[in-house]
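K.L.:
Take a look at this one; I'll ask things after.
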Amino acid sequence: MRGRLSTFDDFRNAITTYRLPRVLIAAIELDLFTAIGTDTWAISDLAREMKVSERGLAILCRNLAMAGLLKKQAETYRNSRLGATALNASHPAYRGDYLRLITSHWTDWGRLLESVKTGLPLDHDEPDDPDYRRRFTWAMHHRTLETAPKIAAQIDLRGARTLLDLGGGPGTYAMAFLAKNPTLRATVCDRPAALDVAKEIASTHKAGVRLSYLPLDVMVEDIPGAYDVIWYSNVLHIYSPQDNQMLFRRMLASLNPGGRLLIQDAFLHDKEGLFPEEASLFAVSMLLFTEKGNTYSAAETKAWLTEAGFGRIKVLKMKKGTEDWEDGILEARSSGMTARTRVRRTGSATGLRSRSSR
């Protein structure tokens with residue numbers, strides 16, 4: 001959707017945008033792009049191979065070709081580059097865990113009314129499953145695989161020696177910062193199931209030897225060690241305003257004097273807290289999947305940071321087309337005063353690596 005809905009035609013056009021997404025999801029559910037692979041198929045042959053109807057497959061493939069995911073020539077179809085790689089389970093670039101996550105959201109969003117009525121996330125009474133956490137972490141890696149290096153290339157970390165990727169999941173951003181900054185050492189902090197994925201990913205990168213791992217429940221435990229930079233990416237929206245303010249105080253206590261907190265999230269930027277559109281819609285996901293989450297304005301987040309004791313707060317502008325979220329990075333600095341409150345803290349970034357790598 002783009003722009004305001006002021007006529008019934010606007011409303012109709014907005015509500016019927018479900019059609020192409022459902023076509024895409026059907027193709028993923030059929031594993032169509034994997035079935036096509038590197039070959040060129042007539043519909044009759046492909047339908048026989050996939051055990052589906054010719055009529056149904058012909059209409060589906062025509063719409064996928066219209067969308068650019070398949071290439072049509074006369075009566076045959078083949079994969080586009082995207083279909084043959086990221087959407088094809090036989091290709092090394094396949095992003096299966098992320099595809100499964102976003103396709104499952106079709107059913108979840110169909111249950112939105114439940115969460116609107118109760119204010120609770122779907123399946124809120126089910127315990128967190130380590131297998132799900134592992135799949136979700138891989139999905140987050142697939143989501144940020146291309147974005148992370150673009151962001152890391154635009155953030156100047158010269159002079160920083162230590163970075164904490166707080167709630168960093170697969171450590172994709174931490175690895176991107178390490179690749180860009182050869183003297184930097186980083187620690188990724190998250191749940192053990194997520195850190196298992198981070199270790200697998202880091203093992204495939206030369207810079208992975210400079211990455212350490214910290215299993216920690218940041219909601220109940222202080223952050224050990226001291227860091228020059230804390231990267232807090234796509235975590236703010238999971239928690240309530242009160243929880244985030246508490247976490248900001250814990251982050252400030254673990255930053256070196258003059259250290260930087262970098263927050264990447266789906267910030268709202270207008271006076272009424274409605275736009276950007278994607279940030280507003282993402283709050284619905286938080287209603288569906290978190291106990292207290294929401295999306296917040298840059299202005300209110302700045303106020304929380306100021307209250308926690310941070311200063312020199314500003315929005316970092318990234319190049320258009322490289323952002324995770326529109327104007328979605330806030331930078332805040334610790335002051336020299338925090339060093340005196342941290343003198344009594346034990347451990348350093350080096351000690352933390354030894355402790356957290358066991």
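In the structure tokens, each chain is lettered A, B, ... as it comes, each chain's residues begin at 1, and ligands are numbered from 1 in order of appearance.
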Give me, as JSON, numbers by chain, all polymer residues having an atom no more than 10 Å from range 197-210 of chain A, counting only C-alpha atoms and skipping those fewer than 5 positions away in the same chain.

P.N.:
{"A": [133, 134, 135, 136, 137, 138, 141, 162, 168, 169, 170, 171, 172, 174, 175, 176, 177, 178, 179, 180, 181, 182, 183, 184, 185, 186, 187, 188, 189, 190, 192, 353, 357]}

K.L.:
For range 61-152 of chain A against range 30-33 of chain A, with a cut-off of 10 Å and counting only C-alpha atoms, what is the closest atom pair and its distance in Å to one decimal for every residue that makes the cut, ordered by chain and number, as JSON lines?

P.N.:
```
{"residue": "A:Cys61", "atom": "CA", "partner": "A:Leu32", "partner_atom": "CA", "distance": 9.2}
{"residue": "A:Leu69", "atom": "CA", "partner": "A:Phe33", "partner_atom": "CA", "distance": 8.9}
{"residue": "A:Leu70", "atom": "CA", "partner": "A:Phe33", "partner_atom": "CA", "distance": 8.6}
{"residue": "A:Arg78", "atom": "CA", "partner": "A:Phe33", "partner_atom": "CA", "distance": 8.9}
{"residue": "A:Asn79", "atom": "CA", "partner": "A:Phe33", "partner_atom": "CA", "distance": 6.7}
{"residue": "A:Ser80", "atom": "CA", "partner": "A:Phe33", "partner_atom": "CA", "distance": 9.2}
{"residue": "A:Leu82", "atom": "CA", "partner": "A:Phe33", "partner_atom": "CA", "distance": 9.3}
{"residue": "A:Gly83", "atom": "CA", "partner": "A:Phe33", "partner_atom": "CA", "distance": 5.6}
{"residue": "A:Ala84", "atom": "CA", "partner": "A:Phe33", "partner_atom": "CA", "distance": 6.5}
{"residue": "A:Thr85", "atom": "CA", "partner": "A:Phe33", "partner_atom": "CA", "distance": 8.8}
{"residue": "A:Ala86", "atom": "CA", "partner": "A:Phe33", "partner_atom": "CA", "distance": 9.3}
{"residue": "A:Leu87", "atom": "CA", "partner": "A:Phe33", "partner_atom": "CA", "distance": 6.0}
{"residue": "A:Asn88", "atom": "CA", "partner": "A:Phe33", "partner_atom": "CA", "distance": 5.2}
{"residue": "A:Ala89", "atom": "CA", "partner": "A:Phe33", "partner_atom": "CA", "distance": 8.0}
{"residue": "A:Ser90", "atom": "CA", "partner": "A:Phe33", "partner_atom": "CA", "distance": 9.4}
```

K.L.:
Got a sec: who's within 6 Å of Thr103 in chain A, counting only C-alpha atoms, leaving out chain neighbours fewer than 3 positions off, as a ChimeraX atom specification?

P.N.:
/A:25,100,106

K.L.:
With distances taken over only C-alpha atoms, which of A:Ala27, A:Leu113, A:Ala47, A:Leu305 is nearest to Asn63 in chain A?

P.N.:
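Using only C-alpha atoms, the shortest distance to Asn63 in chain A belongs to A:Ala27.
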
K.L.:
Which of these, A:Ser53, A:Gln245, A:Ser104, A:Asn256, has the shortest distance to Arg161 in chain A once you count only C-alpha atoms?

P.N.:
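Residue with the minimum atom-to-atom distance to Arg161 in chain A: A:Asn256.
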
K.L.:
What is the distance between CA of Tyr232 in chain A and CA of Leu166 in chain A, in Å to one decimal?

P.N.:
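CA of Tyr232 in chain A sits 5.4 Å away from CA of Leu166 in chain A.
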
K.L.:
Show me, as a count of residues only, the residues that have an atom within 10 Å of range 283-290 of chain A when counting only C-alpha atoms, minus same-chain residues fewer than 4 positions from it.

P.N.:
26

K.L.:
Just the helix (DSSP H, G or I) stuff from range 132-357 of chain A, please, per backbone DSSP, written as JSON, numbers by chain.

P.N.:
{"A": [132, 133, 134, 135, 136, 137, 138, 139, 140, 141, 142, 143, 144, 147, 148, 149, 150, 151, 152, 172, 173, 174, 175, 176, 177, 178, 179, 180, 192, 193, 194, 195, 196, 197, 198, 199, 200, 201, 202, 206, 207, 208, 209, 210, 236, 237, 238, 241, 242, 243, 244, 245, 246, 247, 248, 249, 250, 251, 252, 253, 277, 278, 279, 280, 281, 282, 283, 284, 285, 286, 287, 288, 289, 298, 299, 300, 301, 302, 303, 304, 305, 306, 307, 308, 337, 338, 339, 340, 341, 342, 349, 350, 351, 352, 353, 354, 355, 356]}

K.L.:
Output C-alpha atoms for every residue in the selection just made, as a compact mmCIF listing (two decimals), in the first residue's frame.

P.N.:
```
# COMPACT_ATOMS: atom_id res chain seq x y z
CA TYR A 132 12.42 -23.44 16.48
CA ARG A 133 14.94 -20.97 17.89
CA ARG A 134 17.64 -22.53 15.73
CA ARG A 135 15.48 -22.33 12.57
CA PHE A 136 14.51 -18.76 13.40
CA THR A 137 18.16 -17.79 13.86
CA TRP A 138 19.06 -19.21 10.45
CA ALA A 139 16.11 -17.28 9.01
CA MET A 140 17.49 -14.06 10.48
CA HIS A 141 20.86 -14.82 8.91
CA HIS A 142 19.19 -15.31 5.53
CA ARG A 143 17.29 -12.05 6.02
CA THR A 144 20.37 -9.91 6.73
CA THR A 147 22.21 -6.00 4.17
CA ALA A 148 24.79 -6.43 6.93
CA PRO A 149 27.92 -5.79 4.80
CA LYS A 150 26.28 -2.69 3.28
CA ILE A 151 25.56 -1.28 6.74
CA ALA A 152 29.00 -2.21 8.11
CA THR A 172 25.66 -11.80 10.83
CA TYR A 173 26.20 -8.14 11.65
CA ALA A 174 29.08 -8.91 14.00
CA MET A 175 30.79 -10.85 11.21
CA ALA A 176 30.21 -7.97 8.79
CA PHE A 177 31.81 -5.50 11.22
CA LEU A 178 34.75 -7.86 11.77
CA ALA A 179 35.28 -8.27 8.02
CA LYS A 180 35.35 -4.48 7.60
CA PRO A 192 22.47 -20.86 23.46
CA ALA A 193 20.48 -22.23 20.49
CA ALA A 194 21.11 -19.00 18.57
CA LEU A 195 24.80 -19.01 19.45
CA ASP A 196 25.15 -22.53 18.05
CA VAL A 197 24.10 -21.12 14.68
CA ALA A 198 26.48 -18.16 15.09
CA LYS A 199 29.37 -20.56 15.68
CA GLU A 200 28.53 -22.51 12.52
CA ILE A 201 28.44 -19.33 10.45
CA ALA A 202 31.64 -17.91 11.97
CA LYS A 206 38.34 -16.07 8.18
CA ALA A 207 37.36 -13.30 10.62
CA GLY A 208 35.39 -15.80 12.73
CA VAL A 209 38.42 -16.37 14.97
CA ARG A 210 37.82 -12.85 16.34
CA LEU A 236 14.26 -2.90 20.56
CA HIS A 237 10.87 -3.82 19.08
CA ILE A 238 10.67 -7.08 21.03
CA PRO A 241 9.39 0.78 26.78
CA GLN A 242 10.19 -0.05 30.42
CA ASP A 243 12.25 -3.11 29.48
CA ASN A 244 14.21 -1.17 26.88
CA GLN A 245 14.97 1.62 29.35
CA MET A 246 16.27 -0.94 31.83
CA LEU A 247 18.41 -2.49 29.11
CA PHE A 248 19.78 0.92 28.12
CA ARG A 249 21.03 1.39 31.68
CA ARG A 250 22.72 -2.01 31.58
CA MET A 251 24.29 -1.20 28.23
CA LEU A 252 25.60 2.13 29.50
CA ALA A 253 27.25 0.35 32.42
CA GLU A 277 4.48 2.43 6.60
CA GLU A 278 6.71 -0.61 7.04
CA ALA A 279 7.53 0.38 10.63
CA SER A 280 3.84 0.79 11.45
CA LEU A 281 2.91 -2.57 9.92
CA PHE A 282 5.77 -4.28 11.72
CA ALA A 283 4.07 -3.43 15.02
CA VAL A 284 1.35 -5.90 14.00
CA SER A 285 3.99 -8.64 13.87
CA MET A 286 5.01 -7.69 17.39
CA LEU A 287 1.39 -8.01 18.53
CA LEU A 288 1.21 -11.47 16.95
CA PHE A 289 4.53 -12.83 18.18
CA ALA A 298 12.99 7.78 17.09
CA ALA A 299 12.00 10.72 19.30
CA GLU A 300 10.76 8.60 22.21
CA THR A 301 13.76 6.29 21.95
CA LYS A 302 16.05 9.34 22.15
CA ALA A 303 14.19 10.40 25.30
CA TRP A 304 14.74 6.97 26.87
CA LEU A 305 18.44 7.12 26.03
CA THR A 306 18.77 10.56 27.57
CA GLU A 307 17.00 9.40 30.73
CA ALA A 308 19.37 6.41 30.93
CA MET A 337 31.38 9.53 34.10
CA THR A 338 30.31 5.96 33.43
CA ALA A 339 33.89 4.76 33.82
CA ARG A 340 33.88 5.52 37.56
CA THR A 341 30.71 3.53 38.05
CA ARG A 342 32.35 0.63 36.28
CA ALA A 349 36.33 -8.09 26.90
CA THR A 350 39.31 -10.47 26.79
CA GLY A 351 38.18 -12.30 29.92
CA LEU A 352 34.69 -12.47 28.53
CA ARG A 353 35.92 -14.26 25.42
CA SER A 354 37.58 -16.94 27.49
CA ARG A 355 34.55 -17.39 29.68
CA SER A 356 31.96 -17.37 26.92
```

K.L.:
Which is closer to Glu331 in chain A than all the others in A:Gly159, A:Gly37, A:Gly293, A:Gly258, using only C-alpha atoms?

P.N.:
A:Gly258

K.L.:
What is the CA of Tyr77 in chain A to CA of Ile28 in chain A distance in Å?

P.N.:
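These atoms are spaced 16.3 Å apart.
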
K.L.:
Just asking: which residues within range 118-344 of chain A are strand (DSSP E) according to DSSP, as a PDB file with N, CA and C atoms, in the first residue's frame?

P.N.:
```pdb
ATOM      1  N   THR A 162      36.590  -3.316  20.673  1.00  0.00           N
ATOM      2  CA  THR A 162      35.660  -4.368  21.096  1.00  0.00           C
ATOM      3  C   THR A 162      34.226  -3.969  20.761  1.00  0.00           C
ATOM      4  N   LEU A 163      33.470  -4.939  20.293  1.00  0.00           N
ATOM      5  CA  LEU A 163      32.059  -4.717  19.943  1.00  0.00           C
ATOM      6  C   LEU A 163      31.229  -5.839  20.527  1.00  0.00           C
ATOM      7  N   LEU A 164      30.088  -5.477  21.102  1.00  0.00           N
ATOM      8  CA  LEU A 164      29.117  -6.458  21.590  1.00  0.00           C
ATOM      9  C   LEU A 164      27.894  -6.402  20.693  1.00  0.00           C
ATOM     10  N   ASP A 165      27.562  -7.532  20.076  1.00  0.00           N
ATOM     11  CA  ASP A 165      26.346  -7.663  19.270  1.00  0.00           C
ATOM     12  C   ASP A 165      25.279  -8.239  20.197  1.00  0.00           C
ATOM     13  N   LEU A 166      24.497  -7.356  20.812  1.00  0.00           N
ATOM     14  CA  LEU A 166      23.566  -7.754  21.875  1.00  0.00           C
ATOM     15  C   LEU A 166      22.256  -8.248  21.266  1.00  0.00           C
ATOM     16  N   ARG A 185      37.565  -6.893  17.678  1.00  0.00           N
ATOM     17  CA  ARG A 185      37.110  -8.175  18.218  1.00  0.00           C
ATOM     18  C   ARG A 185      35.652  -7.986  18.635  1.00  0.00           C
ATOM     19  N   ALA A 186      34.849  -9.025  18.450  1.00  0.00           N
ATOM     20  CA  ALA A 186      33.413  -8.909  18.718  1.00  0.00           C
ATOM     21  C   ALA A 186      32.925 -10.081  19.548  1.00  0.00           C
ATOM     22  N   THR A 187      31.854  -9.834  20.283  1.00  0.00           N
ATOM     23  CA  THR A 187      31.159 -10.853  21.058  1.00  0.00           C
ATOM     24  C   THR A 187      29.688 -10.805  20.686  1.00  0.00           C
ATOM     25  N   VAL A 188      29.115 -11.946  20.355  1.00  0.00           N
ATOM     26  CA  VAL A 188      27.684 -12.002  20.076  1.00  0.00           C
ATOM     27  C   VAL A 188      26.995 -12.616  21.287  1.00  0.00           C
ATOM     28  N   CYS A 189      25.940 -11.934  21.742  1.00  0.00           N
ATOM     29  CA  CYS A 189      25.225 -12.341  22.957  1.00  0.00           C
ATOM     30  C   CYS A 189      23.802 -12.735  22.586  1.00  0.00           C
ATOM     31  N   ASP A 190      23.394 -13.944  22.967  1.00  0.00           N
ATOM     32  CA  ASP A 190      22.028 -14.394  22.704  1.00  0.00           C
ATOM     33  C   ASP A 190      21.797 -15.711  23.444  1.00  0.00           C
ATOM     34  N   LEU A 211      35.589 -13.684  16.819  1.00  0.00           N
ATOM     35  CA  LEU A 211      34.239 -13.616  17.370  1.00  0.00           C
ATOM     36  C   LEU A 211      34.121 -14.536  18.581  1.00  0.00           C
ATOM     37  N   SER A 212      33.571 -14.009  19.675  1.00  0.00           N
ATOM     38  CA  SER A 212      33.322 -14.769  20.893  1.00  0.00           C
ATOM     39  C   SER A 212      31.820 -14.845  21.146  1.00  0.00           C
ATOM     40  N   TYR A 213      31.435 -15.662  22.121  1.00  0.00           N
ATOM     41  CA  TYR A 213      30.024 -15.974  22.310  1.00  0.00           C
ATOM     42  C   TYR A 213      29.644 -15.846  23.781  1.00  0.00           C
ATOM     43  N   LEU A 214      28.528 -15.182  24.038  1.00  0.00           N
ATOM     44  CA  LEU A 214      28.086 -14.925  25.396  1.00  0.00           C
ATOM     45  C   LEU A 214      26.632 -15.340  25.561  1.00  0.00           C
ATOM     46  N   PRO A 215      26.370 -16.520  26.145  1.00  0.00           N
ATOM     47  CA  PRO A 215      24.989 -16.891  26.469  1.00  0.00           C
ATOM     48  C   PRO A 215      24.541 -16.117  27.699  1.00  0.00           C
ATOM     49  N   TYR A 227      32.977  -2.630  26.657  1.00  0.00           N
ATOM     50  CA  TYR A 227      33.024  -2.586  25.189  1.00  0.00           C
ATOM     51  C   TYR A 227      33.121  -1.154  24.684  1.00  0.00           C
ATOM     52  N   ASP A 228      33.726  -1.023  23.514  1.00  0.00           N
ATOM     53  CA  ASP A 228      33.769   0.278  22.851  1.00  0.00           C
ATOM     54  C   ASP A 228      32.481   0.560  22.082  1.00  0.00           C
ATOM     55  N   VAL A 229      31.856  -0.506  21.576  1.00  0.00           N
ATOM     56  CA  VAL A 229      30.632  -0.370  20.779  1.00  0.00           C
ATOM     57  C   VAL A 229      29.652  -1.468  21.169  1.00  0.00           C
ATOM     58  N   ILE A 230      28.379  -1.105  21.309  1.00  0.00           N
ATOM     59  CA  ILE A 230      27.312  -2.098  21.426  1.00  0.00           C
ATOM     60  C   ILE A 230      26.390  -1.930  20.232  1.00  0.00           C
ATOM     61  N   TRP A 231      26.183  -3.015  19.523  1.00  0.00           N
ATOM     62  CA  TRP A 231      25.273  -3.054  18.371  1.00  0.00           C
ATOM     63  C   TRP A 231      23.985  -3.739  18.833  1.00  0.00           C
ATOM     64  N   TYR A 232      22.872  -3.021  18.767  1.00  0.00           N
ATOM     65  CA  TYR A 232      21.568  -3.485  19.271  1.00  0.00           C
ATOM     66  C   TYR A 232      20.601  -3.433  18.091  1.00  0.00           C
ATOM     67  N   SER A 233      20.586  -4.508  17.318  1.00  0.00           N
ATOM     68  CA  SER A 233      19.894  -4.491  16.031  1.00  0.00           C
ATOM     69  C   SER A 233      18.648  -5.372  16.057  1.00  0.00           C
ATOM     70  N   LEU A 255      29.627  -0.023  28.689  1.00  0.00           N
ATOM     71  CA  LEU A 255      30.372   0.700  27.661  1.00  0.00           C
ATOM     72  C   LEU A 255      31.596   1.395  28.256  1.00  0.00           C
ATOM     73  N   ASN A 256      32.681   1.388  27.514  1.00  0.00           N
ATOM     74  CA  ASN A 256      33.847   2.166  27.897  1.00  0.00           C
ATOM     75  C   ASN A 256      33.529   3.663  27.790  1.00  0.00           C
ATOM     76  N   PRO A 257      34.290   4.526  28.481  1.00  0.00           N
ATOM     77  CA  PRO A 257      34.061   5.972  28.368  1.00  0.00           C
ATOM     78  C   PRO A 257      34.086   6.423  26.913  1.00  0.00           C
ATOM     79  N   GLY A 258      33.063   7.167  26.528  1.00  0.00           N
ATOM     80  CA  GLY A 258      32.958   7.610  25.149  1.00  0.00           C
ATOM     81  C   GLY A 258      32.480   6.539  24.190  1.00  0.00           C
ATOM     82  N   GLY A 259      32.108   5.367  24.733  1.00  0.00           N
ATOM     83  CA  GLY A 259      31.657   4.263  23.889  1.00  0.00           C
ATOM     84  C   GLY A 259      30.337   4.571  23.195  1.00  0.00           C
ATOM     85  N   ARG A 260      30.063   3.802  22.170  1.00  0.00           N
ATOM     86  CA  ARG A 260      28.898   4.060  21.308  1.00  0.00           C
ATOM     87  C   ARG A 260      27.881   2.925  21.405  1.00  0.00           C
ATOM     88  N   LEU A 261      26.627   3.315  21.513  1.00  0.00           N
ATOM     89  CA  LEU A 261      25.511   2.387  21.361  1.00  0.00           C
ATOM     90  C   LEU A 261      24.873   2.674  20.005  1.00  0.00           C
ATOM     91  N   LEU A 262      24.791   1.657  19.176  1.00  0.00           N
ATOM     92  CA  LEU A 262      24.174   1.772  17.860  1.00  0.00           C
ATOM     93  C   LEU A 262      22.912   0.923  17.847  1.00  0.00           C
ATOM     94  N   ILE A 263      21.772   1.570  17.675  1.00  0.00           N
ATOM     95  CA  ILE A 263      20.476   0.888  17.691  1.00  0.00           C
ATOM     96  C   ILE A 263      19.904   0.896  16.283  1.00  0.00           C
ATOM     97  N   GLN A 264      19.690  -0.281  15.732  1.00  0.00           N
ATOM     98  CA  GLN A 264      19.032  -0.392  14.435  1.00  0.00           C
ATOM     99  C   GLN A 264      17.642  -0.992  14.649  1.00  0.00           C
ATOM    100  N   GLY A 311      24.342  10.477  25.849  1.00  0.00           N
ATOM    101  CA  GLY A 311      24.364  11.801  25.247  1.00  0.00           C
ATOM    102  C   GLY A 311      24.741  11.726  23.783  1.00  0.00           C
ATOM    103  N   ARG A 312      24.768  12.886  23.124  1.00  0.00           N
ATOM    104  CA  ARG A 312      25.161  12.998  21.715  1.00  0.00           C
ATOM    105  C   ARG A 312      24.394  11.985  20.853  1.00  0.00           C
ATOM    106  N   ILE A 313      23.077  12.042  20.963  1.00  0.00           N
ATOM    107  CA  ILE A 313      22.206  11.084  20.281  1.00  0.00           C
ATOM    108  C   ILE A 313      21.814  11.640  18.913  1.00  0.00           C
ATOM    109  N   LYS A 314      21.939  10.812  17.885  1.00  0.00           N
ATOM    110  CA  LYS A 314      21.601  11.275  16.540  1.00  0.00           C
ATOM    111  C   LYS A 314      21.204  10.093  15.665  1.00  0.00           C
ATOM    112  N   VAL A 315      20.496  10.405  14.575  1.00  0.00           N
ATOM    113  CA  VAL A 315      20.158   9.409  13.562  1.00  0.00           C
ATOM    114  C   VAL A 315      21.318   9.313  12.574  1.00  0.00           C
ATOM    115  N   LEU A 316      21.755   8.098  12.286  1.00  0.00           N
ATOM    116  CA  LEU A 316      22.778   7.875  11.263  1.00  0.00           C
ATOM    117  C   LEU A 316      22.084   7.600   9.932  1.00  0.00           C
ATOM    118  N   ILE A 329      18.812   3.819  12.144  1.00  0.00           N
ATOM    119  CA  ILE A 329      19.928   3.634  13.073  1.00  0.00           C
ATOM    120  C   ILE A 329      20.092   4.876  13.934  1.00  0.00           C
ATOM    121  N   LEU A 330      20.056   4.682  15.251  1.00  0.00           N
ATOM    122  CA  LEU A 330      20.348   5.738  16.221  1.00  0.00           C
ATOM    123  C   LEU A 330      21.708   5.470  16.842  1.00  0.00           C
ATOM    124  N   GLU A 331      22.490   6.534  17.015  1.00  0.00           N
ATOM    125  CA  GLU A 331      23.764   6.443  17.715  1.00  0.00           C
ATOM    126  C   GLU A 331      23.689   7.262  18.996  1.00  0.00           C
ATOM    127  N   ALA A 332      24.179   6.681  20.098  1.00  0.00           N
ATOM    128  CA  ALA A 332      24.251   7.394  21.378  1.00  0.00           C
ATOM    129  C   ALA A 332      25.621   7.115  21.995  1.00  0.00           C
ATOM    130  N   ARG A 333      26.114   8.078  22.760  1.00  0.00           N
ATOM    131  CA  ARG A 333      27.449   7.971  23.356  1.00  0.00           C
ATOM    132  C   ARG A 333      27.367   7.931  24.873  1.00  0.00           C
TER     133      ARG A 333
END
```
